[in-house]
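**Q** What follows is protein.cif, made up of mmCIF, N, CA and C atoms and all ligand atoms:
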```
data_structure
#
loop_
_atom_site.label_atom_id
_atom_site.label_comp_id
_atom_site.auth_asym_id
_atom_site.auth_seq_id
_atom_site.Cartn_x
_atom_site.Cartn_y
_atom_site.Cartn_z
N MET A 1 -11.31 18.26 -2.51
CA MET A 1 -11.53 16.96 -1.88
C MET A 1 -10.80 16.90 -0.55
N ALA A 2 -11.52 16.58 0.50
CA ALA A 2 -10.91 16.54 1.83
C ALA A 2 -10.15 15.23 2.03
N ALA A 3 -9.06 15.31 2.79
CA ALA A 3 -8.30 14.10 3.12
C ALA A 3 -9.23 13.08 3.78
N GLY A 4 -9.11 11.84 3.37
CA GLY A 4 -9.94 10.78 3.93
C GLY A 4 -11.20 10.50 3.14
N GLU A 5 -11.55 11.42 2.23
CA GLU A 5 -12.76 11.24 1.41
C GLU A 5 -12.39 10.55 0.10
N PRO A 6 -13.30 9.73 -0.46
CA PRO A 6 -12.98 9.04 -1.72
C PRO A 6 -12.73 10.03 -2.85
N ASP A 7 -11.81 9.65 -3.74
CA ASP A 7 -11.50 10.42 -4.94
C ASP A 7 -11.93 9.57 -6.13
N THR A 8 -12.93 10.01 -6.84
CA THR A 8 -13.50 9.19 -7.92
C THR A 8 -12.51 8.96 -9.05
N GLU A 9 -11.47 9.79 -9.13
CA GLU A 9 -10.45 9.62 -10.18
C GLU A 9 -9.32 8.69 -9.75
N CYS A 10 -9.32 8.26 -8.50
CA CYS A 10 -8.16 7.54 -7.93
C CYS A 10 -8.27 6.03 -8.19
N LEU A 11 -7.21 5.48 -8.78
CA LEU A 11 -7.19 4.04 -9.09
C LEU A 11 -7.40 3.19 -7.84
N PHE A 12 -6.73 3.53 -6.74
CA PHE A 12 -6.83 2.68 -5.56
C PHE A 12 -8.18 2.85 -4.87
N CYS A 13 -8.80 4.03 -4.95
CA CYS A 13 -10.18 4.16 -4.47
C CYS A 13 -11.10 3.26 -5.29
N LYS A 14 -10.82 3.12 -6.59
CA LYS A 14 -11.64 2.23 -7.44
C LYS A 14 -11.43 0.77 -7.04
N ILE A 15 -10.21 0.41 -6.65
CA ILE A 15 -9.97 -0.96 -6.17
C ILE A 15 -10.71 -1.17 -4.85
N VAL A 16 -10.66 -0.19 -3.95
CA VAL A 16 -11.39 -0.29 -2.68
C VAL A 16 -12.88 -0.48 -2.94
N ALA A 17 -13.41 0.24 -3.93
CA ALA A 17 -14.84 0.18 -4.24
C ALA A 17 -15.22 -1.09 -4.99
N GLY A 18 -14.22 -1.84 -5.47
CA GLY A 18 -14.51 -3.04 -6.25
C GLY A 18 -14.75 -2.75 -7.72
N ASP A 19 -14.48 -1.53 -8.15
CA ASP A 19 -14.72 -1.16 -9.56
C ASP A 19 -13.55 -1.54 -10.46
N VAL A 20 -12.38 -1.75 -9.86
CA VAL A 20 -11.20 -2.26 -10.58
C VAL A 20 -10.77 -3.53 -9.85
N PRO A 21 -10.53 -4.63 -10.59
CA PRO A 21 -10.18 -5.88 -9.91
C PRO A 21 -8.77 -5.85 -9.33
N ALA A 22 -8.59 -6.61 -8.28
CA ALA A 22 -7.26 -6.76 -7.68
C ALA A 22 -7.22 -8.12 -7.00
N THR A 23 -6.01 -8.63 -6.84
CA THR A 23 -5.81 -9.89 -6.13
C THR A 23 -5.58 -9.56 -4.67
N VAL A 24 -6.67 -9.56 -3.90
CA VAL A 24 -6.62 -9.15 -2.49
C VAL A 24 -6.11 -10.32 -1.66
N VAL A 25 -5.12 -10.05 -0.81
CA VAL A 25 -4.55 -11.11 0.03
C VAL A 25 -4.97 -10.98 1.49
N ARG A 26 -5.42 -9.80 1.90
CA ARG A 26 -5.86 -9.59 3.27
C ARG A 26 -6.70 -8.32 3.29
N GLU A 27 -7.76 -8.32 4.09
CA GLU A 27 -8.54 -7.09 4.23
C GLU A 27 -9.18 -7.02 5.60
N THR A 28 -9.26 -5.80 6.10
CA THR A 28 -9.96 -5.52 7.35
C THR A 28 -10.91 -4.36 7.06
N LYS A 29 -11.58 -3.88 8.10
CA LYS A 29 -12.53 -2.79 7.85
C LYS A 29 -11.82 -1.51 7.42
N ASP A 30 -10.54 -1.37 7.76
CA ASP A 30 -9.83 -0.12 7.47
C ASP A 30 -8.78 -0.23 6.38
N VAL A 31 -8.29 -1.44 6.11
CA VAL A 31 -7.10 -1.63 5.28
C VAL A 31 -7.34 -2.78 4.30
N ILE A 32 -6.80 -2.65 3.08
CA ILE A 32 -6.75 -3.82 2.20
C ILE A 32 -5.33 -3.97 1.67
N ALA A 33 -4.99 -5.22 1.36
CA ALA A 33 -3.67 -5.55 0.82
C ALA A 33 -3.88 -6.39 -0.43
N PHE A 34 -3.20 -6.02 -1.52
CA PHE A 34 -3.37 -6.72 -2.79
C PHE A 34 -2.05 -6.77 -3.54
N ALA A 35 -1.98 -7.73 -4.45
CA ALA A 35 -0.74 -7.94 -5.21
C ALA A 35 -0.47 -6.77 -6.14
N ASP A 36 0.80 -6.33 -6.17
CA ASP A 36 1.19 -5.31 -7.15
C ASP A 36 1.14 -5.93 -8.54
N ILE A 37 0.61 -5.17 -9.50
CA ILE A 37 0.43 -5.68 -10.86
C ILE A 37 1.77 -5.82 -11.59
N ASN A 38 2.80 -5.17 -11.10
CA ASN A 38 4.13 -5.19 -11.75
C ASN A 38 5.17 -5.49 -10.68
N PRO A 39 5.20 -6.75 -10.20
CA PRO A 39 5.99 -7.07 -9.01
C PRO A 39 7.49 -6.89 -9.22
N GLN A 40 8.14 -6.33 -8.20
CA GLN A 40 9.59 -6.08 -8.21
C GLN A 40 10.34 -7.07 -7.32
N ALA A 41 9.62 -8.02 -6.75
CA ALA A 41 10.21 -9.05 -5.89
C ALA A 41 9.24 -10.22 -5.89
N PRO A 42 9.69 -11.42 -5.45
CA PRO A 42 8.76 -12.56 -5.43
C PRO A 42 7.49 -12.28 -4.64
N VAL A 43 7.63 -11.53 -3.55
CA VAL A 43 6.45 -11.03 -2.84
C VAL A 43 6.44 -9.51 -2.98
N HIS A 44 5.40 -8.96 -3.57
CA HIS A 44 5.25 -7.51 -3.72
C HIS A 44 3.76 -7.20 -3.58
N ILE A 45 3.44 -6.73 -2.40
CA ILE A 45 2.04 -6.48 -2.03
C ILE A 45 1.91 -5.01 -1.65
N LEU A 46 0.80 -4.43 -2.05
CA LEU A 46 0.50 -3.04 -1.68
C LEU A 46 -0.50 -3.07 -0.53
N VAL A 47 -0.19 -2.34 0.53
CA VAL A 47 -1.05 -2.28 1.71
C VAL A 47 -1.56 -0.86 1.81
N ILE A 48 -2.88 -0.69 1.76
CA ILE A 48 -3.45 0.67 1.69
C ILE A 48 -4.60 0.83 2.68
N PRO A 49 -4.80 2.05 3.17
CA PRO A 49 -6.03 2.31 3.90
C PRO A 49 -7.19 2.41 2.89
N ARG A 50 -8.36 2.01 3.32
CA ARG A 50 -9.52 2.18 2.42
C ARG A 50 -9.77 3.67 2.16
N ALA A 51 -9.54 4.49 3.16
CA ALA A 51 -9.75 5.93 3.01
C ALA A 51 -8.60 6.53 2.20
N HIS A 52 -8.94 7.58 1.46
CA HIS A 52 -7.96 8.20 0.55
C HIS A 52 -7.15 9.28 1.26
N TYR A 53 -5.85 9.05 1.36
CA TYR A 53 -4.87 10.07 1.76
C TYR A 53 -3.79 10.05 0.71
N ALA A 54 -3.24 11.21 0.38
CA ALA A 54 -2.35 11.30 -0.78
C ALA A 54 -1.03 10.57 -0.58
N ASN A 55 -0.52 10.60 0.64
CA ASN A 55 0.80 10.01 0.88
C ASN A 55 0.96 9.73 2.37
N ALA A 56 2.10 9.15 2.72
CA ALA A 56 2.32 8.73 4.11
C ALA A 56 2.34 9.93 5.06
N GLY A 57 2.87 11.05 4.59
CA GLY A 57 2.93 12.23 5.44
C GLY A 57 1.55 12.74 5.79
N GLU A 58 0.70 12.81 4.77
CA GLU A 58 -0.67 13.28 5.03
C GLU A 58 -1.40 12.31 5.94
N LEU A 59 -1.23 11.01 5.69
CA LEU A 59 -1.89 10.01 6.55
C LEU A 59 -1.44 10.17 8.00
N GLY A 60 -0.13 10.28 8.20
CA GLY A 60 0.39 10.39 9.55
C GLY A 60 -0.07 11.65 10.26
N ALA A 61 -0.20 12.74 9.49
CA ALA A 61 -0.58 14.02 10.09
C ALA A 61 -2.07 14.07 10.42
N VAL A 62 -2.89 13.53 9.51
CA VAL A 62 -4.34 13.69 9.64
C VAL A 62 -4.98 12.52 10.38
N ALA A 63 -4.42 11.33 10.21
CA ALA A 63 -5.04 10.13 10.77
C ALA A 63 -3.97 9.21 11.36
N PRO A 64 -3.29 9.65 12.42
CA PRO A 64 -2.16 8.88 12.94
C PRO A 64 -2.55 7.49 13.42
N GLU A 65 -3.75 7.34 13.96
CA GLU A 65 -4.14 5.99 14.41
C GLU A 65 -4.25 5.04 13.22
N LEU A 66 -4.79 5.55 12.13
CA LEU A 66 -4.90 4.72 10.92
C LEU A 66 -3.51 4.41 10.35
N ALA A 67 -2.58 5.35 10.48
CA ALA A 67 -1.21 5.08 10.03
C ALA A 67 -0.62 3.92 10.82
N GLY A 68 -0.87 3.89 12.12
CA GLY A 68 -0.39 2.78 12.94
C GLY A 68 -1.05 1.47 12.54
N THR A 69 -2.35 1.53 12.27
CA THR A 69 -3.08 0.34 11.83
C THR A 69 -2.49 -0.19 10.53
N LEU A 70 -2.15 0.72 9.63
CA LEU A 70 -1.58 0.31 8.33
C LEU A 70 -0.27 -0.45 8.55
N LEU A 71 0.57 0.06 9.43
CA LEU A 71 1.85 -0.62 9.70
C LEU A 71 1.62 -1.99 10.33
N ALA A 72 0.67 -2.07 11.25
CA ALA A 72 0.39 -3.36 11.89
C ALA A 72 -0.15 -4.35 10.86
N GLU A 73 -0.99 -3.88 9.96
CA GLU A 73 -1.53 -4.76 8.93
C GLU A 73 -0.43 -5.21 7.97
N ALA A 74 0.50 -4.32 7.66
CA ALA A 74 1.61 -4.71 6.80
C ALA A 74 2.41 -5.83 7.46
N ALA A 75 2.63 -5.73 8.75
CA ALA A 75 3.34 -6.79 9.47
C ALA A 75 2.55 -8.09 9.45
N ALA A 76 1.23 -7.99 9.56
CA ALA A 76 0.40 -9.19 9.51
C ALA A 76 0.47 -9.85 8.14
N VAL A 77 0.48 -9.05 7.09
CA VAL A 77 0.63 -9.61 5.74
C VAL A 77 1.99 -10.30 5.62
N ALA A 78 3.04 -9.66 6.12
CA ALA A 78 4.38 -10.25 6.04
C ALA A 78 4.41 -11.59 6.75
N ALA A 79 3.76 -11.69 7.90
CA ALA A 79 3.71 -12.96 8.63
C ALA A 79 2.97 -14.01 7.81
N GLU A 80 1.86 -13.60 7.21
CA GLU A 80 1.08 -14.55 6.39
C GLU A 80 1.87 -15.03 5.18
N GLN A 81 2.76 -14.18 4.68
CA GLN A 81 3.55 -14.52 3.49
C GLN A 81 4.85 -15.22 3.85
N ASP A 82 5.04 -15.52 5.16
CA ASP A 82 6.22 -16.25 5.63
C ASP A 82 7.52 -15.50 5.33
N LEU A 83 7.51 -14.21 5.54
CA LEU A 83 8.70 -13.39 5.28
C LEU A 83 9.55 -13.27 6.54
N ASP A 84 9.82 -14.43 7.14
CA ASP A 84 10.56 -14.44 8.40
C ASP A 84 11.97 -13.89 8.24
N GLY A 85 12.53 -14.04 7.04
CA GLY A 85 13.89 -13.58 6.80
C GLY A 85 14.00 -12.09 6.65
N GLY A 86 12.89 -11.40 6.59
CA GLY A 86 12.90 -9.94 6.48
C GLY A 86 12.12 -9.47 5.27
N TYR A 87 11.74 -8.24 5.35
CA TYR A 87 10.99 -7.62 4.26
C TYR A 87 11.23 -6.12 4.31
N ARG A 88 10.80 -5.45 3.27
CA ARG A 88 10.97 -3.99 3.20
C ARG A 88 9.63 -3.33 2.96
N LEU A 89 9.37 -2.24 3.71
CA LEU A 89 8.20 -1.39 3.45
C LEU A 89 8.70 -0.10 2.84
N VAL A 90 8.07 0.30 1.74
CA VAL A 90 8.46 1.52 1.04
C VAL A 90 7.22 2.38 0.82
N PHE A 91 7.34 3.66 1.17
CA PHE A 91 6.30 4.64 0.84
C PHE A 91 6.92 5.67 -0.10
N ASN A 92 6.81 5.46 -1.40
CA ASN A 92 7.26 6.49 -2.33
C ASN A 92 6.39 7.73 -2.10
N THR A 93 7.03 8.86 -1.99
CA THR A 93 6.30 10.09 -1.66
C THR A 93 6.74 11.19 -2.62
N GLY A 94 5.84 11.53 -3.54
CA GLY A 94 6.12 12.55 -4.54
C GLY A 94 6.64 11.93 -5.83
N ALA A 95 6.35 12.63 -6.93
CA ALA A 95 6.71 12.12 -8.25
C ALA A 95 8.22 11.89 -8.37
N GLY A 96 9.01 12.74 -7.74
CA GLY A 96 10.46 12.61 -7.82
C GLY A 96 10.99 11.36 -7.17
N ALA A 97 10.19 10.76 -6.29
CA ALA A 97 10.57 9.51 -5.62
C ALA A 97 9.89 8.32 -6.26
N GLY A 98 9.19 8.55 -7.38
CA GLY A 98 8.57 7.44 -8.09
C GLY A 98 7.12 7.20 -7.75
N GLN A 99 6.50 8.08 -6.96
CA GLN A 99 5.08 7.87 -6.66
C GLN A 99 4.25 8.16 -7.90
N THR A 100 3.42 7.19 -8.27
CA THR A 100 2.56 7.34 -9.44
C THR A 100 1.08 7.27 -9.09
N VAL A 101 0.77 6.68 -7.96
CA VAL A 101 -0.62 6.62 -7.49
C VAL A 101 -0.68 7.39 -6.18
N PHE A 102 -1.50 8.44 -6.17
CA PHE A 102 -1.48 9.38 -5.05
C PHE A 102 -2.57 9.04 -4.03
N HIS A 103 -2.60 7.75 -3.69
CA HIS A 103 -3.38 7.19 -2.57
C HIS A 103 -2.35 6.38 -1.79
N VAL A 104 -2.11 6.78 -0.55
CA VAL A 104 -0.97 6.22 0.18
C VAL A 104 -0.99 4.69 0.15
N HIS A 105 0.20 4.13 -0.11
CA HIS A 105 0.33 2.67 -0.16
C HIS A 105 1.71 2.30 0.31
N ALA A 106 1.77 1.27 1.15
CA ALA A 106 3.04 0.67 1.52
C ALA A 106 3.34 -0.44 0.53
N HIS A 107 4.51 -0.35 -0.11
CA HIS A 107 5.00 -1.49 -0.89
C HIS A 107 5.63 -2.45 0.12
N LEU A 108 5.13 -3.67 0.17
CA LEU A 108 5.71 -4.72 1.00
C LEU A 108 6.48 -5.65 0.06
N LEU A 109 7.80 -5.65 0.22
CA LEU A 109 8.68 -6.39 -0.70
C LEU A 109 9.45 -7.45 0.07
N GLY A 110 9.53 -8.64 -0.49
CA GLY A 110 10.29 -9.69 0.16
C GLY A 110 10.36 -10.93 -0.71
N GLY A 111 10.95 -11.96 -0.12
CA GLY A 111 11.05 -13.22 -0.84
C GLY A 111 12.36 -13.38 -1.59
N ARG A 112 13.23 -12.39 -1.49
CA ARG A 112 14.59 -12.48 -2.05
C ARG A 112 15.48 -11.58 -1.20
N GLY A 113 16.77 -11.69 -1.37
CA GLY A 113 17.67 -10.77 -0.69
C GLY A 113 17.45 -9.36 -1.22
N LEU A 114 17.39 -8.40 -0.32
CA LEU A 114 17.13 -7.01 -0.71
C LEU A 114 18.39 -6.19 -0.44
N THR A 115 18.88 -5.53 -1.46
CA THR A 115 20.10 -4.75 -1.29
C THR A 115 19.79 -3.38 -0.70
N TRP A 116 20.81 -2.79 -0.12
CA TRP A 116 20.69 -1.45 0.45
C TRP A 116 21.92 -0.65 0.07
N PRO A 117 21.83 0.60 -0.37
CA PRO A 117 20.61 1.38 -0.52
C PRO A 117 19.83 1.02 -1.77
N PRO A 118 18.52 1.29 -1.77
CA PRO A 118 17.72 1.08 -2.97
C PRO A 118 18.04 2.18 -3.98
N GLY A 119 17.55 2.02 -5.19
CA GLY A 119 17.80 3.01 -6.23
C GLY A 119 16.97 4.25 -6.08
P1 LIG A 201 4.05 4.03 -6.74
O1 LIG A 201 4.79 4.14 -8.05
O2 LIG A 201 4.89 4.01 -5.51
O3 LIG A 201 2.95 5.09 -6.67
O4 LIG A 201 3.35 2.62 -6.76
C1 LIG A 201 2.21 2.34 -7.50
C2 LIG A 201 2.20 0.86 -7.70
O5 LIG A 201 0.92 0.48 -8.12
C3 LIG A 201 3.18 0.36 -8.78
O6 LIG A 201 4.11 -0.55 -8.19
C4 LIG A 201 2.28 -0.31 -9.80
O7 LIG A 201 2.85 -1.48 -10.35
C5 LIG A 201 1.04 -0.62 -8.99
N1 LIG A 201 -0.20 -0.73 -9.74
C6 LIG A 201 -0.64 0.09 -10.72
N2 LIG A 201 -1.86 -0.30 -11.14
C7 LIG A 201 -2.19 -1.39 -10.39
C8 LIG A 201 -3.32 -2.26 -10.36
N3 LIG A 201 -4.38 -2.08 -11.17
N4 LIG A 201 -3.31 -3.28 -9.48
C9 LIG A 201 -2.25 -3.48 -8.66
N5 LIG A 201 -1.17 -2.69 -8.64
C10 LIG A 201 -1.13 -1.67 -9.49
ZN ZN A 202 -7.77 6.96 -3.44
#
```
Would you mind writing the structure in this file as structure tokens?
**A**
Amino acid sequence: MAAGEPDTECLFCKIVAGDVPATVVRETKDVIAFADINPQAPVHILVIPRAHYANAGELGAVAPELAGTLLAEAAAVAAEQDLDGGYRLVFNTGAGAGQTVFHVHAHLLGGRGLTWPPG
């Protein structure tokens, strides 16, 4: 499967296709943002490109313009969610870092004080 092509086994490709339901909070032609099913903060939204890339590194290497679009869309979601006090974007990359869905996604976390460093 080539980078950028849909993966029929991928959960987030199924959400993009509308085959798995999600609570979508913002969408554009390239990006969708939806509520995480197991939120770790009062605001926990996943921001993903519609196209399938395994992780942030692959996205940045193969489709850098789309990577920039993803970051801009994450900021737009944060503004819509009134996260003026700050928010955190996380790209878990690899199983050892907790990545469980291998379709790149930014975790947008906010709505409470966020400690540093994370676990
Ligand atoms: P990661 O562990 O970084 O790969 O993040 C995957 C995220 O997807 C986790 O935070 C899960 O809670 C979330 N997740 C899994 N299934 C769904 C779903 N059907 N809808 C929304 N979020 C999901
Ligand atoms: Zn996918």
**Q** So, with only N, CA and C atoms and all ligand atoms as the atoms that count, which of A:Val104, A:Ala61, A:Ala22, A:Ala41 lies closest to ligand ZN 202 (chain A)?
**A** A:Val104
**Q** If you take only C-alpha atoms and all ligand atoms and a cut-off of 7 Å, which residues of chain A touch ligand LIG 201 (chain A), and what are their nearest atom pairs and distances in Å to one decimal, in chain and number order, as a Markdown table?
**A**
```
| residue | atom | partner | partner_atom | distance |
| --- | --- | --- | --- | --- |
| A:Val20 | CA | A:LIG201 | N3 | 6.8 |
| A:Ala22 | CA | A:LIG201 | N4 | 5.6 |
| A:Phe34 | CA | A:LIG201 | C9 | 6.8 |
| A:Ala35 | CA | A:LIG201 | C9 | 5.8 |
| A:Asp36 | CA | A:LIG201 | N5 | 3.8 |
| A:Ile37 | CA | A:LIG201 | N5 | 4.1 |
| A:Asn38 | CA | A:LIG201 | O7 | 4.2 |
| A:Pro39 | CA | A:LIG201 | O7 | 6.6 |
| A:Phe91 | CA | A:LIG201 | O2 | 6.5 |
| A:Asn92 | CA | A:LIG201 | O2 | 4.7 |
| A:Gly98 | CA | A:LIG201 | O1 | 5.0 |
| A:Gln99 | CA | A:LIG201 | O3 | 3.5 |
| A:Thr100 | CA | A:LIG201 | O3 | 3.6 |
| A:Val101 | CA | A:LIG201 | O3 | 4.0 |
| A:Phe102 | CA | A:LIG201 | O3 | 6.4 |
```
**Q** Give the answer as one residue: which of A:Thr28, A:Asn55, A:Gln40, A:Thr23 has the shortest atom-to-atom distance to ligand ZN 202 (chain A), using only C-alpha atoms and all ligand atoms?
**A**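 Answer, going by the shortest atom-to-atom distance: A:Asn55.
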**Q** Quick one: axis-aligned box around all listed atoms of stretch 80-99 of chain A, 3 Å on every side, centre and edge lengths in Å to one decimal, written as AutoDock Vina command-line options.
**A**
```
--center_x 7.5 --center_y -1.8 --center_z 0.0 --size_x 18.9 --size_y 35.0 --size_z 22.8
```
**Q** If we draw a sphere of 8 Å around (-0.3, -1.7, 6.9), which residues have at least one atom in it when counting only N, CA and C atoms? Please report them as a VMD selection string.
**A** chain A and resid 31 to 33 46 to 49 66 to 77 105 to 106
**Q** Just to confirm, what's the straight-line distance from atom CA of A:His107 to atom N of A:Gly86 in Å (one decimal)?
**A**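 Atom N of A:Gly86 lies at a distance of 14.7 Å from atom CA of A:His107.
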**Q** Using only N, CA and C atoms and all ligand atoms, which protein or nucleic acid residues are at most 7 Å from ligand ZN 202 (chain A), as a ChimeraX atom specification?
**A** /A:5-14,50-53,102-104
**Q** Just write the chosen residues, N, CA and C atoms, as a PDB file, keeping the file's coordinate frame.
**A**
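Listed below is the output, selection-v3.pdb:
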```
ATOM      1  N   GLU A   5     -11.550  11.420   2.230  1.00  0.00           N
ATOM      2  CA  GLU A   5     -12.760  11.240   1.410  1.00  0.00           C
ATOM      3  C   GLU A   5     -12.390  10.550   0.100  1.00  0.00           C
ATOM      4  N   PRO A   6     -13.300   9.730  -0.460  1.00  0.00           N
ATOM      5  CA  PRO A   6     -12.980   9.040  -1.720  1.00  0.00           C
ATOM      6  C   PRO A   6     -12.730  10.030  -2.850  1.00  0.00           C
ATOM      7  N   ASP A   7     -11.810   9.650  -3.740  1.00  0.00           N
ATOM      8  CA  ASP A   7     -11.500  10.420  -4.940  1.00  0.00           C
ATOM      9  C   ASP A   7     -11.930   9.570  -6.130  1.00  0.00           C
ATOM     10  N   THR A   8     -12.930  10.010  -6.840  1.00  0.00           N
ATOM     11  CA  THR A   8     -13.500   9.190  -7.920  1.00  0.00           C
ATOM     12  C   THR A   8     -12.510   8.960  -9.050  1.00  0.00           C
ATOM     13  N   GLU A   9     -11.470   9.790  -9.130  1.00  0.00           N
ATOM     14  CA  GLU A   9     -10.450   9.620 -10.180  1.00  0.00           C
ATOM     15  C   GLU A   9      -9.320   8.690  -9.750  1.00  0.00           C
ATOM     16  N   CYS A  10      -9.320   8.260  -8.500  1.00  0.00           N
ATOM     17  CA  CYS A  10      -8.160   7.540  -7.930  1.00  0.00           C
ATOM     18  C   CYS A  10      -8.270   6.030  -8.190  1.00  0.00           C
ATOM     19  N   LEU A  11      -7.210   5.480  -8.780  1.00  0.00           N
ATOM     20  CA  LEU A  11      -7.190   4.040  -9.090  1.00  0.00           C
ATOM     21  C   LEU A  11      -7.400   3.190  -7.840  1.00  0.00           C
ATOM     22  N   PHE A  12      -6.730   3.530  -6.740  1.00  0.00           N
ATOM     23  CA  PHE A  12      -6.830   2.680  -5.560  1.00  0.00           C
ATOM     24  C   PHE A  12      -8.180   2.850  -4.870  1.00  0.00           C
ATOM     25  N   CYS A  13      -8.800   4.030  -4.950  1.00  0.00           N
ATOM     26  CA  CYS A  13     -10.180   4.160  -4.470  1.00  0.00           C
ATOM     27  C   CYS A  13     -11.100   3.260  -5.290  1.00  0.00           C
ATOM     28  N   LYS A  14     -10.820   3.120  -6.590  1.00  0.00           N
ATOM     29  CA  LYS A  14     -11.640   2.230  -7.440  1.00  0.00           C
ATOM     30  C   LYS A  14     -11.430   0.770  -7.040  1.00  0.00           C
ATOM     31  N   ARG A  50      -8.360   2.010   3.320  1.00  0.00           N
ATOM     32  CA  ARG A  50      -9.520   2.180   2.420  1.00  0.00           C
ATOM     33  C   ARG A  50      -9.770   3.670   2.160  1.00  0.00           C
ATOM     34  N   ALA A  51      -9.540   4.490   3.160  1.00  0.00           N
ATOM     35  CA  ALA A  51      -9.750   5.930   3.010  1.00  0.00           C
ATOM     36  C   ALA A  51      -8.600   6.530   2.200  1.00  0.00           C
ATOM     37  N   HIS A  52      -8.940   7.580   1.460  1.00  0.00           N
ATOM     38  CA  HIS A  52      -7.960   8.200   0.550  1.00  0.00           C
ATOM     39  C   HIS A  52      -7.150   9.280   1.260  1.00  0.00           C
ATOM     40  N   TYR A  53      -5.850   9.050   1.360  1.00  0.00           N
ATOM     41  CA  TYR A  53      -4.870  10.070   1.760  1.00  0.00           C
ATOM     42  C   TYR A  53      -3.790  10.050   0.710  1.00  0.00           C
ATOM     43  N   PHE A 102      -1.500   8.440  -6.170  1.00  0.00           N
ATOM     44  CA  PHE A 102      -1.480   9.380  -5.050  1.00  0.00           C
ATOM     45  C   PHE A 102      -2.570   9.040  -4.030  1.00  0.00           C
ATOM     46  N   HIS A 103      -2.600   7.750  -3.690  1.00  0.00           N
ATOM     47  CA  HIS A 103      -3.380   7.190  -2.570  1.00  0.00           C
ATOM     48  C   HIS A 103      -2.350   6.380  -1.790  1.00  0.00           C
ATOM     49  N   VAL A 104      -2.110   6.780  -0.550  1.00  0.00           N
ATOM     50  CA  VAL A 104      -0.970   6.220   0.180  1.00  0.00           C
ATOM     51  C   VAL A 104      -0.990   4.690   0.150  1.00  0.00           C
TER      52      VAL A 104
END
```
**Q** To test your reading of the structure, identify every residue in stretch 2-119 of chain A that backbone DSSP assigns to alpha helix (DSSP H), and report it as a ChimeraX atom specification.
**A** /A:11-17,56-62,64-80
**Q** Between atom N of A:Ala3 and atom N of A:Ala54, measure the distance and give it in Å to one decimal.
**A**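 Atom N of A:Ala54 lies 7.5 Å from atom N of A:Ala3.
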**Q** If I take atom C of A:Leu109 and atom C of A:Pro42, how far is one from the other in Å, to one decimal?
**A**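 That distance, rounded to one decimal, is 7.0 Å.
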**Q** Which residue gives the smallest distance to A:Gly119 among A:Ala17, A:Ile45, A:Val25, A:Ala97, with only C-alpha atoms counted?
**A**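 Counting only C-alpha atoms, the residue closest to A:Gly119 is A:Ala97.
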**Q** Of the residues A:Ala63, A:Ala95, A:Val43, A:Val16, which is the one nearest to A:Gln81, using all atoms listed in the file?
**A** A:Val43
**Q** DSSP says strand (DSSP E or B) for which residues of chain A? Put them as a compact mmCIF listing (two decimals) with N, CA and C atoms, in the coordinates of the input?
**A**
```txt
# COMPACT_ATOMS: atom_id res chain seq x y z
N VAL A 24 -6.67 -9.56 -3.90
CA VAL A 24 -6.62 -9.15 -2.49
C VAL A 24 -6.11 -10.32 -1.66
N VAL A 25 -5.12 -10.05 -0.81
CA VAL A 25 -4.55 -11.11 0.03
C VAL A 25 -4.97 -10.98 1.49
N ARG A 26 -5.42 -9.80 1.90
CA ARG A 26 -5.86 -9.59 3.27
C ARG A 26 -6.70 -8.32 3.29
N GLU A 27 -7.76 -8.32 4.09
CA GLU A 27 -8.54 -7.09 4.23
C GLU A 27 -9.18 -7.02 5.60
N VAL A 31 -8.29 -1.44 6.11
CA VAL A 31 -7.10 -1.63 5.28
C VAL A 31 -7.34 -2.78 4.30
N ILE A 32 -6.80 -2.65 3.08
CA ILE A 32 -6.75 -3.82 2.20
C ILE A 32 -5.33 -3.97 1.67
N ALA A 33 -4.99 -5.22 1.36
CA ALA A 33 -3.67 -5.55 0.82
C ALA A 33 -3.88 -6.39 -0.43
N PHE A 34 -3.20 -6.02 -1.52
CA PHE A 34 -3.37 -6.72 -2.79
C PHE A 34 -2.05 -6.77 -3.54
N ALA A 35 -1.98 -7.73 -4.45
CA ALA A 35 -0.74 -7.94 -5.21
C ALA A 35 -0.47 -6.77 -6.14
N VAL A 43 7.63 -11.53 -3.55
CA VAL A 43 6.45 -11.03 -2.84
C VAL A 43 6.44 -9.51 -2.98
N HIS A 44 5.40 -8.96 -3.57
CA HIS A 44 5.25 -7.51 -3.72
C HIS A 44 3.76 -7.20 -3.58
N ILE A 45 3.44 -6.73 -2.40
CA ILE A 45 2.04 -6.48 -2.03
C ILE A 45 1.91 -5.01 -1.65
N LEU A 46 0.80 -4.43 -2.05
CA LEU A 46 0.50 -3.04 -1.68
C LEU A 46 -0.50 -3.07 -0.53
N VAL A 47 -0.19 -2.34 0.53
CA VAL A 47 -1.05 -2.28 1.71
C VAL A 47 -1.56 -0.86 1.81
N ILE A 48 -2.88 -0.69 1.76
CA ILE A 48 -3.45 0.67 1.69
C ILE A 48 -4.60 0.83 2.68
N PRO A 49 -4.80 2.05 3.17
CA PRO A 49 -6.03 2.31 3.90
C PRO A 49 -7.19 2.41 2.89
N TYR A 87 11.74 -8.24 5.35
CA TYR A 87 10.99 -7.62 4.26
C TYR A 87 11.23 -6.12 4.31
N ARG A 88 10.80 -5.45 3.27
CA ARG A 88 10.97 -3.99 3.20
C ARG A 88 9.63 -3.33 2.96
N LEU A 89 9.37 -2.24 3.71
CA LEU A 89 8.20 -1.39 3.45
C LEU A 89 8.70 -0.10 2.84
N VAL A 90 8.07 0.30 1.74
CA VAL A 90 8.46 1.52 1.04
C VAL A 90 7.22 2.38 0.82
N ALA A 106 1.77 1.27 1.15
CA ALA A 106 3.04 0.67 1.52
C ALA A 106 3.34 -0.44 0.53
N HIS A 107 4.51 -0.35 -0.11
CA HIS A 107 5.00 -1.49 -0.89
C HIS A 107 5.63 -2.45 0.12
N LEU A 108 5.13 -3.67 0.17
CA LEU A 108 5.71 -4.72 1.00
C LEU A 108 6.48 -5.65 0.06
N LEU A 109 7.80 -5.65 0.22
CA LEU A 109 8.68 -6.39 -0.70
C LEU A 109 9.45 -7.45 0.07
N GLY A 110 9.53 -8.64 -0.49
CA GLY A 110 10.29 -9.69 0.16
C GLY A 110 10.36 -10.93 -0.71
```
